[in-house]
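Engineer: Below are the structure tokens for one structure; questions will follow.
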Protein chains: 2
Amino acid sequence: MSRTTIADVAREAGVTKATVSHALSGNRPTSEETRAKVLAAAEKLNWVPSQSARALATSRANTVAVVLARDPAVIANDSFFPAFIAGVESVLAETETGLLLQVVTDRAAEERAYRTLSHGRADGALLLDLRTDDWRVPFLDELGLPTVLVGAYDQPTDFSCVRTDDAAPVRELIAHLRAAGHQRIAHISGPLAYVHSRARADAYLAEVGTDELLREGDFTAASGRDLTEALLALPDRPTAILYSNDTMAIAGLSFARSQGLAIPRDLAISGFDDDHLSAHLSPALTSVSSDPAARGRAAARILRDVILGAQPRTEVVDSNVVHFRESTA
Amino acid sequence: MSRTTIADVAREAGVTKATVSHALSGNRPTSEETRAKVLAAAEKLNWVPSQSARALATSRANTVAVVLARDPAVIANDSFFPAFIAGVESVLAETETGLLLQVVTDRAAEERAYRTLSHGRADGALLLDLRTDDWRVPFLDELGLPTVLVGAYDQPTDFSCVRTDDAAPVRELIAHLRAAGHQRIAHISGPLAYVHSRARADAYLAEVGTDELLREGDFTAASGRDLTEALLALPDRPTAILYSNDTMAIAGLSFARSQGLAIPRDLAISGFDDDHLSAHLSPALTSVSSDPAARGRAAARILRDVILGAQPRTEVVDSNVVHFRESTA
DNA sequence: TTGAAAGCGCTAACAC
DNA sequence: GTGTTAGCGCTTTCAA
């Protein structure tokens, strides 16, 4: 830890701390001359203002947080998250705002984490993995921590949202499969407690009219495999399966092949989220790319504005694009 | 932001701020009775100590940082990073330490980021993607910021390291391929400026004895494809290719197939890093899993200890395991 | 246009 | 075992 403080810079420049502070922030008019002196002194001493001191004085941490209530192991297999974070960072970098990542494993820890955040550790938060009737939304509302919800939320809320239309690509996929002659189309969803899983499953149900071929997975390869096995064992088995992510789709595809089915001739398969490897598989996997980076950028921009005092707002990032590839050809 | 401060708690409990502070930290003996009063008051008021005030007073931020000097887009396609972060978090969570993620795009920003970190924003840093003769190592040394290098470093250093043996799996792969009769084994590396790419390429060279079939890629699918194309166009083309990551391997595999080659009959292929989808491809991709989460845990533990005053130390996480799958069968 | 001084909320000597 | 009192390094009134 370097010991250089604003006082050293002030001394070096022959002014007071206040002048240094203002010269750098531009918060009050400063003569060009002293400004130059201050900059030179700061440069010479390699001074960088202490974030903690600044945070205490301004009650702004220059940090936003993402709290993940997932098992750390699950994060590792998720193609959405890293791209999303990359998008967030690209906006935060503009203002030297840090991104605090906190992984919690139980509700008590999560509540405490949010409380700590709102007490000077962060200026705002991004909420992912929204669940139906999510307790975190009213909780954060009470804490008064600026927040942006990423993904649709099923209750009325005053918070900002970054939403996408998950129903449209599902409809598009089903229409495509029907045009190709498929009658029995199944869906393996993610956990239906998640709003986005629910939205996809609902779109499927609205289109297909029955939950006979709907199965609830948990986004893991294991569940993709097992549920595919169950569906294929049905007397009147589906000829196409829509999965709610690529991991489950690949696992399902592998299993189907191991049973001697040809893809897509005997079974058409589609994923969701468009993992970066999916286009390179053989057969290439049909999937829905959702441009997580764009959603990250939008969320970060909204949060930045809200922290600065703007009104909450909702943006629809309509970046969902169905990539039709060999697995449904 | 709630306005409750330690003073409110002290008043509520009928003691002074110091007592509250000590009762909670246990930094000095406190009678069971006052301790209970303090806890009750804190609980009642939902008080959480302000991180920024605490950070300023103790010059400890309770935060460690990872600075990524990569293009945000590259982060999105990396299977190592999220798993590594998950491992780091699992250790940090034990002590309510935050993880600050900072993505920078040029050297000036990176220097400034590290300077800011060492001035109260973080207590330590994790260094990834080490390059040959990396300028960051002496720089951080000068800043005096506790640091753990993740991956081998080619210069002598006083910093802690978490290393793995990347050479062994390369040797193992080559031995396996030779036993299967392969004579012309190629290697498509990552950028050789990275120490880990270099280590893999060196192991390859030591084993094969010539760089005739060594090509330097950049870990992207595009480079995997292009370099594979170039290798296959050779008069005496390789019959096996070792790639330095799975993304390049999959892209190469797809390209080879599109040229009518059967995998592994006409061309054996191996990746590196074992992406979670690789086992599910068809043919399943031979790869080297390196247990990034274990490396993250080790790095976080060492960093925590060093911050607390322990001597720097180096740990070898020998988690590299070659998974022989169909693509080299 | 600049200086002086108060204070952000906490911790840590130092007294008692 | 507990209270008193300085700061930590910055920002920001308030004067000059």
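Chain labels run A, B, ... following the order of the structure tokens; each chain numbers its residues from 1, and ligands are numbered from 1 in the order shown.
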When DSSP is applied to the backbone of this structure, which of region 215-264 of chain A are assigned alpha helix (DSSP H)? Write them out as a ChimeraX atom specification.
Structural biologist: /A:221-232,246-258
Engineer: Give me the residues within 10 Å of DC8 (chain D) as a list in words, counting only C-alpha atoms (C1' of nucleotides) and dropping any in the same chain fewer than 5 places off.
Structural biologist: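 Once the adjacent positions are removed, what remains is Ser52 and Ala53 of chain A; Ala53, Arg54, Ala55, Leu56, Ala57, Thr58 and Ser59 of chain B; DC10 and DT11 of chain C.
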Engineer: Restricting it to N, CA, C and O atoms (P, O5', C5', C4', C3', O3' and C1' of nucleotides), dump the selection as a PDB file, in the first residue's frame.
Structural biologist:
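Produced file selection_25.pdb, reproduced below:
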```
ATOM      1  N   SER A  52     -11.663   3.984  -0.492  1.00  0.00           N
ATOM      2  CA  SER A  52     -12.432   3.833   0.744  1.00  0.00           C
ATOM      3  C   SER A  52     -12.718   5.185   1.371  1.00  0.00           C
ATOM      4  O   SER A  52     -13.814   5.433   1.875  1.00  0.00           O
ATOM      5  N   ALA A  53     -11.721   6.067   1.324  1.00  0.00           N
ATOM      6  CA  ALA A  53     -11.946   7.399   1.884  1.00  0.00           C
ATOM      7  C   ALA A  53     -13.009   8.136   1.076  1.00  0.00           C
ATOM      8  O   ALA A  53     -13.928   8.748   1.620  1.00  0.00           O
TER       9      ALA A  53
ATOM     10  N   ALA B  53     -16.582   2.725   5.823  1.00  0.00           N
ATOM     11  CA  ALA B  53     -16.008   3.272   7.047  1.00  0.00           C
ATOM     12  C   ALA B  53     -14.994   2.290   7.633  1.00  0.00           C
ATOM     13  O   ALA B  53     -13.886   2.668   8.034  1.00  0.00           O
ATOM     14  N   ARG B  54     -15.374   1.059   7.636  1.00  0.00           N
ATOM     15  CA  ARG B  54     -14.485   0.054   8.180  1.00  0.00           C
ATOM     16  C   ARG B  54     -13.199  -0.034   7.361  1.00  0.00           C
ATOM     17  O   ARG B  54     -12.093  -0.152   7.893  1.00  0.00           O
ATOM     18  N   ALA B  55     -13.381   0.019   6.045  1.00  0.00           N
ATOM     19  CA  ALA B  55     -12.216  -0.063   5.167  1.00  0.00           C
ATOM     20  C   ALA B  55     -11.263   1.095   5.440  1.00  0.00           C
ATOM     21  O   ALA B  55     -10.047   0.916   5.500  1.00  0.00           O
ATOM     22  N   LEU B  56     -11.830   2.273   5.599  1.00  0.00           N
ATOM     23  CA  LEU B  56     -10.978   3.432   5.844  1.00  0.00           C
ATOM     24  C   LEU B  56     -10.248   3.308   7.177  1.00  0.00           C
ATOM     25  O   LEU B  56      -9.053   3.580   7.280  1.00  0.00           O
ATOM     26  N   ALA B  57     -10.968   2.859   8.175  1.00  0.00           N
ATOM     27  CA  ALA B  57     -10.370   2.781   9.507  1.00  0.00           C
ATOM     28  C   ALA B  57      -9.316   1.679   9.599  1.00  0.00           C
ATOM     29  O   ALA B  57      -8.322   1.825  10.301  1.00  0.00           O
ATOM     30  N   THR B  58      -9.541   0.590   8.921  1.00  0.00           N
ATOM     31  CA  THR B  58      -8.621  -0.544   9.071  1.00  0.00           C
ATOM     32  C   THR B  58      -7.649  -0.669   7.897  1.00  0.00           C
ATOM     33  O   THR B  58      -6.767  -1.519   7.937  1.00  0.00           O
ATOM     34  N   SER B  59      -7.842   0.137   6.909  1.00  0.00           N
ATOM     35  CA  SER B  59      -7.170  -0.035   5.615  1.00  0.00           C
ATOM     36  C   SER B  59      -7.222  -1.485   5.150  1.00  0.00           C
ATOM     37  O   SER B  59      -6.228  -2.045   4.733  1.00  0.00           O
TER      38      SER B  59
ATOM     39  P    DC C  10     -20.956   2.442  11.395  1.00  0.00           P
ATOM     40  O5'  DC C  10     -19.480   1.995  11.808  1.00  0.00           O
ATOM     41  C5'  DC C  10     -18.719   1.239  10.902  1.00  0.00           C
ATOM     42  C4'  DC C  10     -17.240   1.469  11.110  1.00  0.00           C
ATOM     43  C3'  DC C  10     -16.648   0.802  12.338  1.00  0.00           C
ATOM     44  O3'  DC C  10     -16.108  -0.461  11.963  1.00  0.00           O
ATOM     45  C1'  DC C  10     -15.770   3.013  11.957  1.00  0.00           C
ATOM     46  P    DT C  11     -15.590  -1.406  13.130  1.00  0.00           P
ATOM     47  O5'  DT C  11     -14.150  -0.803  13.444  1.00  0.00           O
ATOM     48  C5'  DT C  11     -13.137  -0.937  12.456  1.00  0.00           C
ATOM     49  C4'  DT C  11     -11.838  -0.392  12.989  1.00  0.00           C
ATOM     50  C3'  DT C  11     -11.249  -1.171  14.158  1.00  0.00           C
ATOM     51  O3'  DT C  11      -9.856  -1.241  13.897  1.00  0.00           O
ATOM     52  C1'  DT C  11     -11.479   1.100  14.761  1.00  0.00           C
TER      53       DT C  11
END
```
Engineer: Where does chain D meet chain A within 6 Å, residue by residue, with the nearest atom pair and distance in Å to one decimal for each, counting only C-alpha atoms (C1' of nucleotides), listed by chain and rising number, as a tab-separated table?
Structural biologist:
```
residue	atom	partner	partner_atom	distance
D:DG9	C1'	A:Ala53	CA	4.9
D:DC10	C1'	A:Ala53	CA	4.8
D:DT11	C1'	A:Ala57	CA	5.6
```
Engineer: Which polymer residues have any atom within 7 Å of an atom of region 252-268 of chain A, counting only C-alpha atoms (C1' of nucleotides), with same-chain residues fewer than 5 positions away left out, as an mmCIF file with C-alpha atoms, in the first residue's frame?
Structural biologist:
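Heads up, here's the output in part.cif:
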```
data_model
loop_
_atom_site.group_PDB
_atom_site.id
_atom_site.type_symbol
_atom_site.label_atom_id
_atom_site.label_comp_id
_atom_site.auth_asym_id
_atom_site.auth_seq_id
_atom_site.Cartn_x
_atom_site.Cartn_y
_atom_site.Cartn_z
ATOM 1 C CA GLY A 224 -31.172 -33.479 -20.216
ATOM 2 C CA ARG A 225 -30.106 -37.047 -20.669
ATOM 3 C CA THR A 228 -34.734 -37.461 -23.024
ATOM 4 C CA THR A 239 -40.134 -36.598 -33.065
ATOM 5 C CA ALA A 240 -38.732 -33.293 -31.929
ATOM 6 C CA ILE A 241 -37.514 -31.927 -28.616
ATOM 7 C CA SER A 327 -30.183 -30.617 -35.853
ATOM 8 C CA THR A 328 -33.605 -29.482 -37.056
ATOM 9 C CA ALA A 329 -32.947 -29.502 -40.801
ATOM 10 C CA HIS B 280 -21.166 -34.902 -25.073
ATOM 11 C CA LEU B 281 -20.043 -34.269 -28.602
ATOM 12 C CA SER B 282 -20.125 -36.971 -31.164
#
```
Engineer: Tell me, in Å to one decimal, how far CA of Arg136 (chain B) is from CA of Arg163 (chain B).
Structural biologist: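 CA of Arg136 (chain B) sits 17.6 Å away from CA of Arg163 (chain B).
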Engineer: Hey, what's within 9 Å of DG3 (chain C) if we count only C-alpha atoms (C1' of nucleotides) and toss same-chain stuff fewer than 6 positions away? As a ChimeraX atom specification, please?
Structural biologist: /A:15-16,18-19 /D:15-16
Engineer: Counting only C-alpha atoms (C1' of nucleotides), which residues in chain C sit no more than 12 Å from chain A? For each one, give the nearest pair of atoms and the distance in Å, sorted by chain then residue number, as JSON lines.
Structural biologist:
```
{"residue": "C:DT1", "atom": "C1'", "partner": "A:Thr30", "partner_atom": "CA", "distance": 6.4}
{"residue": "C:DT2", "atom": "C1'", "partner": "A:Thr19", "partner_atom": "CA", "distance": 7.0}
{"residue": "C:DG3", "atom": "C1'", "partner": "A:Thr16", "partner_atom": "CA", "distance": 6.8}
{"residue": "C:DA4", "atom": "C1'", "partner": "A:Thr16", "partner_atom": "CA", "distance": 9.2}
{"residue": "C:DA5", "atom": "C1'", "partner": "A:Ala18", "partner_atom": "CA", "distance": 10.7}
{"residue": "C:DA6", "atom": "C1'", "partner": "A:Ala57", "partner_atom": "CA", "distance": 11.8}
{"residue": "C:DG7", "atom": "C1'", "partner": "A:Ala57", "partner_atom": "CA", "distance": 8.3}
{"residue": "C:DC8", "atom": "C1'", "partner": "A:Ala57", "partner_atom": "CA", "distance": 4.6}
{"residue": "C:DG9", "atom": "C1'", "partner": "A:Leu56", "partner_atom": "CA", "distance": 7.6}
{"residue": "C:DC10", "atom": "C1'", "partner": "A:Leu56", "partner_atom": "CA", "distance": 9.9}
```
Engineer: Please dump the current selection as a PDB file, in the first residue's frame; keep N, CA and C atoms (P, O5', C5', C4', C3', O3' and C1' of nucleotides).
Structural biologist:
```pdb
ATOM      1  P    DT C   1     -12.128  31.626 -11.707  1.00  0.00           P
ATOM      2  O5'  DT C   1     -11.160  31.360 -10.466  1.00  0.00           O
ATOM      3  C5'  DT C   1      -9.851  31.891 -10.438  1.00  0.00           C
ATOM      4  C4'  DT C   1      -9.409  31.745  -9.023  1.00  0.00           C
ATOM      5  C3'  DT C   1      -9.112  30.300  -8.600  1.00  0.00           C
ATOM      6  O3'  DT C   1      -7.726  30.214  -8.351  1.00  0.00           O
ATOM      7  C1'  DT C   1     -10.325  31.498  -6.929  1.00  0.00           C
ATOM      8  P    DT C   2      -7.024  28.982  -7.843  1.00  0.00           P
ATOM      9  O5'  DT C   2      -7.271  29.041  -6.294  1.00  0.00           O
ATOM     10  C5'  DT C   2      -6.296  29.623  -5.470  1.00  0.00           C
ATOM     11  C4'  DT C   2      -6.796  29.662  -4.057  1.00  0.00           C
ATOM     12  C3'  DT C   2      -6.555  28.387  -3.260  1.00  0.00           C
ATOM     13  O3'  DT C   2      -5.478  28.636  -2.375  1.00  0.00           O
ATOM     14  C1'  DT C   2      -8.645  29.415  -2.761  1.00  0.00           C
ATOM     15  P    DG C   3      -4.880  27.389  -1.530  1.00  0.00           P
ATOM     16  O5'  DG C   3      -5.465  27.688  -0.075  1.00  0.00           O
ATOM     17  C5'  DG C   3      -5.427  29.013   0.413  1.00  0.00           C
ATOM     18  C4'  DG C   3      -6.115  29.111   1.765  1.00  0.00           C
ATOM     19  C3'  DG C   3      -5.842  27.940   2.702  1.00  0.00           C
ATOM     20  O3'  DG C   3      -5.633  28.449   4.021  1.00  0.00           O
ATOM     21  C1'  DG C   3      -8.175  28.140   2.350  1.00  0.00           C
ATOM     22  P    DA C   4      -5.164  27.534   5.220  1.00  0.00           P
ATOM     23  O5'  DA C   4      -6.421  27.491   6.193  1.00  0.00           O
ATOM     24  C5'  DA C   4      -7.397  28.516   6.195  1.00  0.00           C
ATOM     25  C4'  DA C   4      -8.482  28.182   7.217  1.00  0.00           C
ATOM     26  C3'  DA C   4      -8.122  27.090   8.215  1.00  0.00           C
ATOM     27  O3'  DA C   4      -8.815  27.358   9.418  1.00  0.00           O
ATOM     28  C1'  DA C   4      -9.876  26.320   6.840  1.00  0.00           C
ATOM     29  P    DA C   5      -8.753  26.304  10.669  1.00  0.00           P
ATOM     30  O5'  DA C   5     -10.075  25.443  10.446  1.00  0.00           O
ATOM     31  C5'  DA C   5     -11.303  26.136  10.238  1.00  0.00           C
ATOM     32  C4'  DA C   5     -12.437  25.123  10.247  1.00  0.00           C
ATOM     33  C3'  DA C   5     -12.249  23.984  11.243  1.00  0.00           C
ATOM     34  O3'  DA C   5     -13.533  23.600  11.689  1.00  0.00           O
ATOM     35  C1'  DA C   5     -12.407  23.077   9.116  1.00  0.00           C
ATOM     36  P    DA C   6     -13.735  22.721  13.011  1.00  0.00           P
ATOM     37  O5'  DA C   6     -15.124  22.018  12.695  1.00  0.00           O
ATOM     38  C5'  DA C   6     -16.074  22.681  11.853  1.00  0.00           C
ATOM     39  C4'  DA C   6     -16.843  21.642  11.058  1.00  0.00           C
ATOM     40  C3'  DA C   6     -17.142  20.362  11.845  1.00  0.00           C
ATOM     41  O3'  DA C   6     -18.472  19.986  11.583  1.00  0.00           O
ATOM     42  C1'  DA C   6     -16.030  19.827   9.843  1.00  0.00           C
ATOM     43  P    DG C   7     -19.186  18.915  12.516  1.00  0.00           P
ATOM     44  O5'  DG C   7     -19.125  17.627  11.579  1.00  0.00           O
ATOM     45  C5'  DG C   7     -19.734  17.691  10.300  1.00  0.00           C
ATOM     46  C4'  DG C   7     -19.373  16.451   9.534  1.00  0.00           C
ATOM     47  C3'  DG C   7     -19.419  15.162  10.380  1.00  0.00           C
ATOM     48  O3'  DG C   7     -20.062  14.175   9.622  1.00  0.00           O
ATOM     49  C1'  DG C   7     -17.405  15.288   9.252  1.00  0.00           C
ATOM     50  P    DC C   8     -21.046  13.182  10.309  1.00  0.00           P
ATOM     51  O5'  DC C   8     -21.113  12.016   9.229  1.00  0.00           O
ATOM     52  C5'  DC C   8     -21.432  12.248   7.859  1.00  0.00           C
ATOM     53  C4'  DC C   8     -20.712  11.209   7.018  1.00  0.00           C
ATOM     54  C3'  DC C   8     -20.568   9.872   7.738  1.00  0.00           C
ATOM     55  O3'  DC C   8     -21.639   9.019   7.330  1.00  0.00           O
ATOM     56  C1'  DC C   8     -18.504  10.560   6.663  1.00  0.00           C
ATOM     57  P    DG C   9     -22.649   8.477   8.438  1.00  0.00           P
ATOM     58  O5'  DG C   9     -21.863   7.230   9.013  1.00  0.00           O
ATOM     59  C5'  DG C   9     -21.536   6.159   8.144  1.00  0.00           C
ATOM     60  C4'  DG C   9     -20.501   5.288   8.813  1.00  0.00           C
ATOM     61  C3'  DG C   9     -20.917   4.738  10.182  1.00  0.00           C
ATOM     62  O3'  DG C   9     -20.666   3.358  10.163  1.00  0.00           O
ATOM     63  C1'  DG C   9     -18.790   5.715  10.290  1.00  0.00           C
ATOM     64  P    DC C  10     -20.956   2.442  11.395  1.00  0.00           P
ATOM     65  O5'  DC C  10     -19.480   1.995  11.808  1.00  0.00           O
ATOM     66  C5'  DC C  10     -18.719   1.239  10.902  1.00  0.00           C
ATOM     67  C4'  DC C  10     -17.240   1.469  11.110  1.00  0.00           C
ATOM     68  C3'  DC C  10     -16.648   0.802  12.338  1.00  0.00           C
ATOM     69  O3'  DC C  10     -16.108  -0.461  11.963  1.00  0.00           O
ATOM     70  C1'  DC C  10     -15.770   3.013  11.957  1.00  0.00           C
TER      71       DC C  10
END
```
Engineer: Using only C-alpha atoms, I'd like every residue of chain A that has an atom within 8 Å of chain B; please write them out as a PyMOL selection string.
Structural biologist: chain A and resi 1-2+48-53+55-56+61+72-73+75-77+79+82-84+86-87+89-90+93+98-104+115-116+118-121+143-145+247+250-251+254+276-277+280-282
Engineer: Would you mind listing what lies within 10 Å of DA15 (chain C) as a list in words, with only C-alpha atoms (C1' of nucleotides) counted and same-chain residues fewer than 5 positions away left out?
Structural biologist: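 Here the qualifying residues turn out to be DG3, DT4 and DT5 of chain D.
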Engineer: Selection from above, C-alpha atoms (C1' of nucleotides), as a PDB file, in the first residue's frame, can you write it?
Structural biologist:
```pdb
ATOM      1  C1'  DG D   3     -15.466   4.871  28.070  1.00  0.00           C
ATOM      2  C1'  DT D   4     -12.775   8.737  25.687  1.00  0.00           C
ATOM      3  C1'  DT D   5     -10.506  10.333  21.989  1.00  0.00           C
TER       4       DT D   5
END
```
Engineer: With only C-alpha atoms as the atoms that count, which of B:Asp236, B:Asp141, B:Asp305, B:Glu12 lies nearest to Leu213 (chain B)?
Structural biologist: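 Selected residue with least distance to Leu213 (chain B): B:Asp236.
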Engineer: Name all residues at most 8 Å from Pro238 (chain A) (count only C-alpha atoms (C1' of nucleotides); drop same-chain ones fewer than 4 positions away) and give them as a PyMOL selection string.
Structural biologist: chain A and resi 183-186+213+231-232+267
Engineer: Can I get the selected residues back with C-alpha atoms, as a compact mmCIF listing (two decimals), in the first residue's frame?
Structural biologist:
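Written file, again.txt:
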```txt
# COMPACT_ATOMS: atom_id res chain seq x y z
CA GLN A 183 -46.61 -33.54 -34.86
CA ARG A 184 -45.19 -34.62 -31.52
CA ILE A 185 -43.00 -31.86 -30.20
CA ALA A 186 -41.65 -32.12 -26.65
CA LEU A 213 -44.68 -33.84 -23.58
CA LEU A 231 -39.50 -39.14 -23.49
CA LEU A 232 -38.05 -41.57 -25.99
CA LEU A 267 -35.37 -36.81 -33.91
```
Engineer: Report the residues of region 91-255 of chain A whose backbone DSSP state falls under strand (DSSP E or B), written as JSON, numbers by chain.
Structural biologist: {"A": [98, 99, 100, 101, 102, 103, 124, 125, 126, 127, 131, 147, 148, 149, 150, 160, 161, 162, 163, 185, 186, 187, 188, 189, 194, 214, 215, 216, 240, 241, 242, 243]}
